[in-house]
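Enquirer: I have a structure I would like to understand better, so I am pasting it below and will then ask my questions one at a time.
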There are 2 protein chains.
Amino acid sequence: MDTNPARERILDAAEHLFYARGIQAVGMDVIRNASGVTLRRLYQLFPSKGDLVKAYLARRDARWLQSLARHVDMATENPRGRLLAVFDWLEDWFTQPDFHGCAFINSFGELGGTSPEVAAAARHHKDTFHAYLQELATAAGASAATGTQIALLAEGAMSTAAISGTPASASHAKLAAQLLLTPGNRNDAFPS
Amino acid sequence: MDTNPARERILDAAEHLFYARGIQAVGMDVIRNASGVTLRRLYQLFPSKGDLVKAYLARRDARWLQSLARHVDMATENPRGRLLAVFDWLEDWFTQPDFHGCAFINSFGELGGTSPEVAAAARHHKDTFHAYLQELATAAGASAATGTQIALLAEGAMSTAAISGTPASASHAKLAAQLLLTPGNRNDAFPS
DNA sequence: ATACTATGAGAACGCTCGTTCTCACGCAAG
DNA sequence: CTTGCGTGAGAACGAGCGTTCTCATAGTAT
């Protein structure tokens with residue numbers, strides 16, 4: 001199905017290395033060594049490093065959101081609980097030993113100023129995540145603006161967990177999200 | 001006072017270029033051209049690029065927090081208003097034409113995986129910012145945990161403003177902060 | 001068997017970048 | 001005047017990296 005096994009091995013190695021060390025710090029031959037493929041095949045499948053970076057970000061975007069949605073779907077059917085389950089998933093993520101922040105925030109920080117494609121990939125990823133949280137928020141009876149606020153908490157938790165090196169920001173953000181979701185907080189001012 | 005004018009010109013050029021394009025994308029000779037100083041002087045004042053990066057981050061850390069504190073001090077004497085003024089300052093920042101996200105989040109994303117010094121600089125900056133918000137929060141009668149939550153909102157607003165390219169996240173975060181500050185939100189669970 | 005094609009392994013090329021070196025020049029001390 | 005020393009400008013060096021090329025080999029069709 002994922003037809004080409006060499007392609008997958010390359011993307012696995014690229015994702016692991018790019019995410020851990022940054023994109024510019026990882027050379028093509030390092031990826032070749034890690035994936036066990038020959039340089040010729042590597043360039044047949046990804047004609048330039050930019051193509052490989054694009055494929056890395058695209059696959060990570062899809063998988064990340066799939067993993068989150070799967071967790072939310074398996075957590076509970078209570079709409080409010082589904083929204084809060086996002087933060088449990090974040091805490092799981094932050095606790096993984098190879099956690100190193102959001103790959104899109106990182107690559108935007110590294111290349112957003114010089115590569116419009118990387119900047120667009122980050123924007124797309126965050127837009128999708130933002131829309132997903134708004135969907136969960138409105139399903140829970142809250143406003144879309146509350147979804148936006150909760151997205152800000154999630155983003156802040158990612159940055160903070162990465163830089164501080166601890167997963168504590170996930171539970172802090174979850175508690176704040178709970179407060180923002182309490183009925184009685186009139187919060188219809190910002191429709192987007 | 002800032003004794004060495006060449007040193008300041010170098011740091012001005014480095015800050016502008018590093019912040020706009022990323023650290024690895026800017027070579028030492030580009031900084032030399034932009035600052036008008038000779039390569040020899042550049043290396044006399046900063047023996048390696050790593051030293052220049054360290055000085056860039058240290059100066060930006062100090063100036064950024066000074067600018068924020070100055071704005072807060074001039075905004076109002078109402079403790080709650082002082083905390084909320086942080087988000088007005090953020091919105092001003094996000095609106096500046098050269099805004100490109102938080103320099104520390106960016107440099108952490110670029111070099112945090114390979115340079116412990118850059119990672120430590122980012123951690124220090126965020127710790128200081130976090131402590132300042134906690135101070136404003138407790139002065140406003142809120143808990144330190146509320147300060148932490150508001151810090152997460154501010155962090156999320158920075159990332160989101162950078163990647164989306166709009167300053168709207170500042171007002172969204174401000175509104176959320178106001179809600180988190182409303183009395184009646186019992187919020188003593190997380191002492192830090 | 002032979003000629004052609006595709007592949008593996010890695011050398012090679014061209015470029016960039018951090019860092020250092022060369023060399024001519026100006027200026028102060030004797 | 002001249003001797004030496006610090007300085008300016010830029011060339012040079014060495015390493016790393018993205019990308020391409022070489023060449024020997026293995027498999028295949030005729």
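Here, A, B, ... name the chains of the structure tokens in the order displayed, residue numbers run from 1 inside each chain, and ligands are numbered from 1 in the same displayed order.
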With a distance threshold of 7 Å and counting only C-alpha atoms, extract the residues of chain B near chain A and express them as JSON, numbers by chain.
Expert: {"B": [20, 21, 22, 105, 106, 107, 109, 110, 111, 113, 114, 122, 123, 149, 152, 153, 155, 156, 157, 163, 164, 172, 173, 176, 179, 180, 185]}
Enquirer: Each residue of chain A lying at most 12 Å from chain D should get a row with its shortest atom-to-atom pair and the distance in Å to one decimal, counting only C-alpha atoms (C1' of nucleotides); could you produce that, ordered by chain and increasing number, as a Markdown table?
Expert:
| residue | atom | partner | partner_atom | distance |
| --- | --- | --- | --- | --- |
| A:Gln24 | CA | D:DC17 | C1' | 9.7 |
| A:Ala25 | CA | D:DC17 | C1' | 9.9 |
| A:Val26 | CA | D:DC17 | C1' | 9.4 |
| A:Gly27 | CA | D:DC17 | C1' | 6.5 |
| A:Met28 | CA | D:DG18 | C1' | 7.4 |
| A:Asp29 | CA | D:DC17 | C1' | 8.8 |
| A:Val30 | CA | D:DC17 | C1' | 10.6 |
| A:Leu39 | CA | D:DT19 | C1' | 9.9 |
| A:Arg40 | CA | D:DT20 | C1' | 9.5 |
| A:Leu42 | CA | D:DT19 | C1' | 11.3 |
| A:Tyr43 | CA | D:DT19 | C1' | 8.7 |
| A:Gln44 | CA | D:DT19 | C1' | 11.8 |
| A:Phe46 | CA | D:DT19 | C1' | 11.9 |
| A:Pro47 | CA | D:DT19 | C1' | 9.4 |
| A:Ser48 | CA | D:DG18 | C1' | 8.1 |
| A:Lys49 | CA | D:DG18 | C1' | 7.7 |
| A:Gly50 | CA | D:DG18 | C1' | 10.4 |
Enquirer: What is the atom CA of Ala62 of chain A-atom CA of Asp92 of chain A distance in Å, reported with one decimal?
Expert: 18.4 Å
Enquirer: Name the closest residue to Thr166 of chain B among the candidates B:Ala131, B:Leu90, B:Ala69, B:Ala137; distances are taken between atoms, counting only C-alpha atoms.
Expert: B:Leu90
Enquirer: Which residue gives the smallest distance to Arg80 of chain A among A:Asn4, A:Gln66, A:Asn33, A:Thr138, with only C-alpha atoms counted?
Expert: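 The answer is A:Thr138, which sits nearest to Arg80 of chain A.
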Enquirer: Please identify all residues of chain C having at least one atom at most 9 Å from any atom of chain B, considering only C-alpha atoms (C1' of nucleotides), and return them as a PDB file with N, CA and C atoms (P, O5', C5', C4', C3', O3' and C1' of nucleotides), in the first residue's frame.
Expert:
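And here's part-v7.pdb as it stands now:
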ATOM      1  P    DC C  17      26.784  31.259   2.605  1.00  0.00           P
ATOM      2  O5'  DC C  17      27.633  30.836   3.880  1.00  0.00           O
ATOM      3  C5'  DC C  17      27.502  29.519   4.398  1.00  0.00           C
ATOM      4  C4'  DC C  17      28.605  29.264   5.386  1.00  0.00           C
ATOM      5  C3'  DC C  17      29.056  30.512   6.131  1.00  0.00           C
ATOM      6  O3'  DC C  17      29.128  30.234   7.512  1.00  0.00           O
ATOM      7  C1'  DC C  17      30.916  29.438   5.170  1.00  0.00           C
ATOM      8  P    DG C  18      29.151  31.415   8.592  1.00  0.00           P
ATOM      9  O5'  DG C  18      30.332  30.990   9.563  1.00  0.00           O
ATOM     10  C5'  DG C  18      30.355  29.672  10.090  1.00  0.00           C
ATOM     11  C4'  DG C  18      31.755  29.315  10.520  1.00  0.00           C
ATOM     12  C3'  DG C  18      32.443  30.364  11.399  1.00  0.00           C
ATOM     13  O3'  DG C  18      33.171  29.692  12.425  1.00  0.00           O
ATOM     14  C1'  DG C  18      33.717  30.004   9.428  1.00  0.00           C
ATOM     15  P    DT C  19      33.861  30.558  13.574  1.00  0.00           P
ATOM     16  O5'  DT C  19      35.320  30.740  12.979  1.00  0.00           O
ATOM     17  C5'  DT C  19      36.085  29.573  12.660  1.00  0.00           C
ATOM     18  C4'  DT C  19      37.368  29.963  11.969  1.00  0.00           C
ATOM     19  C3'  DT C  19      38.163  31.089  12.648  1.00  0.00           C
ATOM     20  O3'  DT C  19      39.397  30.553  13.102  1.00  0.00           O
ATOM     21  C1'  DT C  19      38.114  31.326  10.269  1.00  0.00           C
TER      22       DT C  19
END
Enquirer: Which residue, B:Glu135, B:Asp61, B:Asp98, B:Glu117, has the smallest gap to Arg82 of chain B when you use only C-alpha atoms?
Expert: B:Glu135
Enquirer: Atom CA of Pro167 of chain A and atom CA of Phe99 of chain A, how far apart in Å?
Expert: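 Taking atom CA of Phe99 of chain A as the start and atom CA of Pro167 of chain A as the end point, the length is 9.7 Å.
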Enquirer: What is the distance between atom CA of Leu133 of chain B and atom CA of Ala161 of chain B, in Å to one decimal?
Expert: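 Between these atoms lies a distance of 19.6 Å.
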